[in-house]
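Asks: This structure is in structure tokens; I'll ask about it shortly.
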Amino acid sequence: MSNMASKDQPVCQIFSFQDCKMSPDPVFELPAQCVTPTAAPIVIDNGSFQTRAGWAAPVAEFDSPRLLFRSVAARSRGAARSETQIGNDIPNLEPLRWLLKSQFDRNVVVNFEIQELILDYVFTHLGLSSEGSVEHPILMTEAPCNPLHCRQMMSELLFECYRVPFVSYGVDGLYSFFHNNNRRSLQRPNTGIILSSGYHCSHILPVVNGRLDALNSKRVNVAGSQAASYLQRLLQLKYPGHLAAITLSRMEELLHGHSYAAVDYHEELEKWRCPEFYEREVHRIQLPFSGKVPGGCVSAEERQERRAQQLRRLQEINTRRREEKLQQDQERLDRLLAVQELLEDGLLDQFHKSLMELNMDSAEELQSYINKLQLAVEQGRLKLLQSDGGEGKMEVSELEQPVDEGDGVALMDSDFPEDPLSEKSAGVVQPAFNMAEYHQLFVGTERLRCPEILFQPSLVGEDQMGLMETLQYVLARYTPEQQEALVSNVFLTGGNMQHPGMKERVERELLALRPFQSHFKVTMATRPGLDAWYGARDWALEHPAAAGAEGWISRQDYEEKGGEYLSEHCASNVFVPMKLAKPVPVRPSEPPVALQSLTGTSAAGATVTVAPAPSLFTDSADVNMAAS
């Protein structure tokens with residue numbers, strides 16, 4: 001499917017940006033059904049693009065997430081906690097883009113201060129007003145092959161800060177996989193391979209006999225955020241005059257509403273060379289603009305009115321300058337007259353001293369200055385009287401000459417030049433400037449170039465394999481029988497998989513990868529962006545939280561086994577315990593002591609370094625196990 005328009009569609013397709021403004025989420029009341037008879041779990045799909053939160057309760061009104069908001073916080077340096085805006089409290093992201101902070105680095109949570117703000121927002125808007133604790137189990141999604149340090153910090157935040165009774169972690173792609181398999185009534189345990197593409201990363205997740213094979217899971221560092229940035233760069237290079245209007249939020253809107261994945265990329269590009277195809281398929285995006293054209297045609301009445309307004313403005317400017325100059329001359333004249341009075345009173349010493357201050361040599365020079373200033377003051381008063389009596393009427397000959405010093409104001413502004421051609425007959429036809437078309441973005445091949453980076457990361461400068469090459473690499477690590485089982489259930493999920501034509505493109509690529517006459521089946525998630533939350537909710541309803549229950553970590557487990565502990569279940573990561581060396585600080589007065597092996601139960605000044613257990617992740621180049 002190439003999402004091509006049919007011949008009966010209009011030739012010119014013009015769209016406009018929605019520029020949707022977010023409205024603040026309401027603060028819900030805590031439902032009684034979620035408290036009695038037992039506390040219902042809170043399901044949080046902690047996505048790098050959007051957070052989705054709701055209740056896992058067998059009630060119809062809780063069948064969908066109650067909160068959906070962007071996983072960002074607008075927080076300036078030094079801002080108080082109460083001043084931070086979260087998610088939908090930010091009506092427009094663009095003015096605050098430089099203030100936005102996320103809890104994620106790629107697809108892993110590393111900024112736990114922002115994560116705490118996100119959790120505060122979720123609990124408050126779900127109606128949990130209890131101070132100091134949350135009495136509901138928490139089910140939260142995490143990244144595939146999540147580093148132990150990140151899980152340890154998340155568990156510490158939930159158990160120590162919120163004092164939750166139980167926590168469960170699972171992978172969003174696996175929740176979506178099992179949710180859709182249940183809807184299709186597939187027999188468990190399920191085997192298949194998941195292609196998940198979100199905002200920051202894409203993943204290849206093989207599932208064998210209902211469990212994630214973490215050893216062969218792979219990550220591709222290309223997803224929706226790179227596609228939006230690529231589209232922004234393409235359009236800014238194409239339309240340098242509209243840089244300010246080509247914002248990242250608008251590019252995300254274009255990506256979600258106008259892009260499609262080409263079944264055959266090069267063949268599709270050849271189609272765009274045809275002018276008729278281009279005119280039929282190009283999407284013209286109308287930018288907002290003002291209909292007033294600078295320097296456009298104006299009538300004689302409008303031109304005369306503008307000229308009259310300009311004359312009045314010039315008169316006011318000249319009058320104000322005359323008043324200021326008259327005041328300055330009067331003050332200087334009063335000072336010189338005061339000096340002359342000293343001579344008349346016989347105070348010669350003070351008179352000569354004042355002359356030196358005025359930089360004058362004799363009384364005759366003083367008298368000459370006084371006469372000139374008296375004449376200037378009289379002329380200034382006369383001109384003021386004439387301008388007041390004129391009541392706004394000014395002679396052009398007067399305006400064309402400087403009235404006084406500093407009065408050199410031009411007669412006409414450059415905005416309204418005298419155009420002798422405008423006085424000609426109105427029958428002269430002048431070419432009309434289409435302002436609306438000038439403010440249009442023609443989105444053509446960009447519609448398929450941006451989703452293509454998922455299959456060709458080299459388009460954006462990423463030196464790594466594309467999604468299907470990585471899939472071929474993963475399949476090559478299995479036996480032919482296992483490969484047949486995996487490709488019989490290829491599952492596509494994640495928000496970046498929603499482009500039209502994505503399923504057909506994957507099928508075409510698999511047809512080229514697999515042996516001749518081999519069978520495979522590709523399935524798209526029913527709701528690629530939301531099925532992770534629905535799958536997590538279904539799992540929480542099937543597995544009630546209890547001490548020792550599969551998939552749930554109790555507070556006792558956290559205290560005994562550490563924050564990195566994970567209770568495995570069908571949709572979780574694989575837990576590989578690692579013993580980490582914790583350095584002991586050496587006293588300043590003593591030299592460093594070499595590490596020794598302890599034989600007793602306790603000793604001072606030494607630590608035990610235990611070799612890490614074999615990890616399923618050591619063969620994955622894209623997964624780093626972080627230790628604290």
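Identifiers for the structure tokens are assigned positionally: chains receive A, B, ... in sequence, residues are indexed from 1 per chain, and ligands are indexed from 1 in the order shown.
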Name all residues at most 10 Å from region 67-75 of chain A (count only C-alpha atoms; drop same-chain ones fewer than 2 positions away) and give them as a PyMOL selection string.
Replies: chain A and resi 22+24-28+44-54+64-65+77-81+83-90+93+96-104+114-115+117-118+121-122+125-126+530
Asks: Give one line per residue of region 513-574 of chain A that approaches region 179-200 of chain A to at most 10 Å, naming the two atoms of the closest pair and their distance in Å to one decimal, counting only C-alpha atoms; sort by chain then ascending residue number and deliver it as CSV.
Replies:
residue,atom,partner,partner_atom,distance
A:Lys521,CA,A:Gly192,CA,9.9
A:Val522,CA,A:Ile193,CA,9.7
A:Thr523,CA,A:Asn180,CA,9.2
A:Met524,CA,A:Asn180,CA,9.0
A:Ala525,CA,A:Asn180,CA,6.5
A:Thr526,CA,A:Asn180,CA,7.2
A:Arg527,CA,A:Asn180,CA,9.4
A:Pro528,CA,A:Ser196,CA,9.0
A:Gly529,CA,A:Gly198,CA,8.4
A:Asp531,CA,A:His179,CA,7.1
A:Ala532,CA,A:His179,CA,7.9
A:Trp533,CA,A:His179,CA,9.4
A:Tyr534,CA,A:His179,CA,7.1
A:Gly535,CA,A:His179,CA,4.6
A:Ala536,CA,A:His179,CA,8.2
A:Arg537,CA,A:His179,CA,9.4
A:Asp538,CA,A:His179,CA,7.4
A:Trp539,CA,A:His179,CA,8.6
A:Cys570,CA,A:Pro189,CA,9.1
Asks: Could you give me, as a list in words, the residues within 7 Å of His258 (chain A), counting only C-alpha atoms and dropping anything in the same chain fewer than 3 positions from it?
Replies: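 These residues fall inside the cut-off: Leu254, Leu255 and Arg447 of chain A.
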Asks: Write out as a list of chain:residue names the residues lying within 9 Å of Glu252 (chain A), counting only C-alpha atoms and excluding same-chain residues fewer than 5 positions away.
Replies: A:Gly224, A:Ser225, A:Ala227, A:Ala228, A:Ser229, A:Leu231, A:Thr247, A:Gly257
Asks: Between CA of Asp361 (chain A) and CA of Glu378 (chain A), what is the distance in Å, rounded to a tenth?
Replies: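 Here the two named atoms are 26.3 Å from each other.
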Asks: As number ranges by chain, please: the residues near Cys12 (chain A) (cut-off 8 Å, only C-alpha atoms, same-chain neighbours under 4 positions excluded).
Replies: A: 279-280, 282-284
Asks: Those same residues - C-alpha atoms - I'd like them written as a short mmCIF file (atom, residue, chain, number, x, y, z; two decimals), in the first residue's frame.
Replies:
data_model
loop_
_atom_site.label_atom_id
_atom_site.label_comp_id
_atom_site.auth_asym_id
_atom_site.auth_seq_id
_atom_site.Cartn_x
_atom_site.Cartn_y
_atom_site.Cartn_z
CA GLU A 279 0.65 17.66 -8.78
CA ARG A 280 -1.78 14.95 -7.71
CA VAL A 282 1.95 16.71 -3.29
CA HIS A 283 0.44 18.02 -0.07
CA ARG A 284 0.32 21.79 0.13
#
Asks: Which residue out of A:Val43, A:Ala214, A:Leu235, A:Cys201 has the minimum interatomic distance to Gly495 (chain A) when only C-alpha atoms are used?
Replies: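 Between A:Val43, A:Ala214, A:Leu235, A:Cys201, the residue approaching Gly495 (chain A) most closely is A:Cys201.
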Asks: If you run DSSP on the backbone here, which positions in region 150-356 of chain A get strand (DSSP E or B)? Please write them as a list in words.
Replies: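 Filtering region 150-356 of chain A down to strand (DSSP E or B) leaves Phe166, Val167, Ser168, Tyr169, Gly170, Val171, Gly192, Ile193, Ile194, Leu195, Ser196, Ser197, Ser202, His203, Ile204, Leu205, Pro206, Val207, Val208, Arg211, Leu212, Lys218, Arg219, Val220, His283, Arg284, Ile285 and Gln286 of chain A.
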Asks: Can I get the selected residues back with C-alpha atoms, as a JSON list (two decimals), in the first residue's frame?
Replies:
[["chain", "number", "residue", "atom", "x", "y", "z"],
["A", 166, "PHE", "CA", 4.18, -3.79, 45.23],
["A", 167, "VAL", "CA", 5.92, -2.97, 41.95],
["A", 168, "SER", "CA", 6.00, -4.86, 38.67],
["A", 169, "TYR", "CA", 8.10, -4.11, 35.59],
["A", 170, "GLY", "CA", 7.47, -5.20, 32.01],
["A", 171, "VAL", "CA", 8.48, -4.35, 28.45],
["A", 192, "GLY", "CA", 7.30, -14.66, 17.42],
["A", 193, "ILE", "CA", 9.45, -11.66, 16.77],
["A", 194, "ILE", "CA", 8.51, -8.08, 17.65],
["A", 195, "LEU", "CA", 9.48, -5.02, 15.62],
["A", 196, "SER", "CA", 8.87, -2.12, 17.98],
["A", 197, "SER", "CA", 9.59, 1.49, 16.99],
["A", 202, "SER", "CA", 13.52, 0.79, 17.60],
["A", 203, "HIS", "CA", 13.91, -2.78, 18.85],
["A", 204, "ILE", "CA", 14.00, -6.33, 17.50],
["A", 205, "LEU", "CA", 12.65, -8.55, 20.27],
["A", 206, "PRO", "CA", 12.49, -12.31, 19.64],
["A", 207, "VAL", "CA", 10.04, -14.20, 21.85],
["A", 208, "VAL", "CA", 10.63, -17.95, 22.21],
["A", 211, "ARG", "CA", 9.65, -15.50, 27.03],
["A", 212, "LEU", "CA", 11.89, -12.75, 25.72],
["A", 218, "LYS", "CA", 18.84, -5.73, 19.28],
["A", 219, "ARG", "CA", 18.30, -1.97, 19.24],
["A", 220, "VAL", "CA", 18.38, 0.47, 16.30],
["A", 283, "HIS", "CA", 0.44, 18.02, -0.07],
["A", 284, "ARG", "CA", 0.32, 21.79, 0.13],
["A", 285, "ILE", "CA", 0.48, 22.89, 3.75],
["A", 286, "GLN", "CA", -0.89, 26.40, 4.26]]
Asks: What is the distance, in Å and to one decimal place, between CA of Val506 (chain A) and CA of Asp213 (chain A)?
Replies: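 Spanning CA of Val506 (chain A) to CA of Asp213 (chain A) is a straight-line distance of 21.5 Å.
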Asks: What lies within 7 Å of region 318-324 of chain A using only C-alpha atoms, ignoring chain neighbours under 2 positions off, as a PyMOL selection string?
Replies: chain A and resi 314-316+326-328+380+384+407
Asks: Restricted to N, CA, C and O atoms, what would the selected residues look like written as a PDB file, in the first residue's frame?
Replies:
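Full text of out14.pdb as output:
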ATOM      1  N   LEU A 314       4.141  65.060  11.235  1.00  0.00           N
ATOM      2  CA  LEU A 314       5.324  65.905  11.083  1.00  0.00           C
ATOM      3  C   LEU A 314       5.143  67.244  11.787  1.00  0.00           C
ATOM      4  O   LEU A 314       6.088  67.777  12.379  1.00  0.00           O
ATOM      5  N   GLN A 315       3.923  67.786  11.747  1.00  0.00           N
ATOM      6  CA  GLN A 315       3.667  69.062  12.430  1.00  0.00           C
ATOM      7  C   GLN A 315       3.841  68.908  13.938  1.00  0.00           C
ATOM      8  O   GLN A 315       4.438  69.766  14.601  1.00  0.00           O
ATOM      9  N   GLU A 316       3.348  67.804  14.476  1.00  0.00           N
ATOM     10  CA  GLU A 316       3.498  67.594  15.913  1.00  0.00           C
ATOM     11  C   GLU A 316       4.975  67.446  16.292  1.00  0.00           C
ATOM     12  O   GLU A 316       5.412  67.977  17.320  1.00  0.00           O
ATOM     13  N   LEU A 326      13.035  76.406  22.180  1.00  0.00           N
ATOM     14  CA  LEU A 326      12.683  77.696  22.775  1.00  0.00           C
ATOM     15  C   LEU A 326      12.967  77.689  24.268  1.00  0.00           C
ATOM     16  O   LEU A 326      13.484  78.673  24.830  1.00  0.00           O
ATOM     17  N   GLN A 327      12.670  76.572  24.919  1.00  0.00           N
ATOM     18  CA  GLN A 327      12.925  76.473  26.352  1.00  0.00           C
ATOM     19  C   GLN A 327      14.429  76.534  26.644  1.00  0.00           C
ATOM     20  O   GLN A 327      14.870  77.218  27.580  1.00  0.00           O
ATOM     21  N   GLN A 328      15.231  75.852  25.815  1.00  0.00           N
ATOM     22  CA  GLN A 328      16.680  75.884  26.023  1.00  0.00           C
ATOM     23  C   GLN A 328      17.234  77.311  25.803  1.00  0.00           C
ATOM     24  O   GLN A 328      18.067  77.784  26.588  1.00  0.00           O
ATOM     25  N   GLY A 380      11.179  82.101  17.784  1.00  0.00           N
ATOM     26  CA  GLY A 380      10.600  80.827  18.180  1.00  0.00           C
ATOM     27  C   GLY A 380       9.182  80.964  18.679  1.00  0.00           C
ATOM     28  O   GLY A 380       8.310  80.159  18.350  1.00  0.00           O
ATOM     29  N   LEU A 384       5.741  79.357  16.965  1.00  0.00           N
ATOM     30  CA  LEU A 384       4.794  78.552  17.735  1.00  0.00           C
ATOM     31  C   LEU A 384       3.387  79.090  17.618  1.00  0.00           C
ATOM     32  O   LEU A 384       2.411  78.336  17.491  1.00  0.00           O
ATOM     33  N   ASP A 407      15.604  70.195  13.225  1.00  0.00           N
ATOM     34  CA  ASP A 407      14.252  69.978  12.716  1.00  0.00           C
ATOM     35  C   ASP A 407      14.251  69.339  11.334  1.00  0.00           C
ATOM     36  O   ASP A 407      13.247  69.399  10.624  1.00  0.00           O
TER      37      ASP A 407
END
Asks: Between CA of Val460 (chain A) and CA of Gln13 (chain A), what is the distance, to one decimal in Å?
Replies: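 The value is 28.3 Å.
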Asks: Nearest residue to Asn489 (chain A) out of A:Phe178, A:Tyr565, A:Tyr438, A:Phe351, using only C-alpha atoms?
Replies: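 Ranking A:Phe178, A:Tyr565, A:Tyr438, A:Phe351 by distance to Asn489 (chain A), first place goes to A:Phe178.
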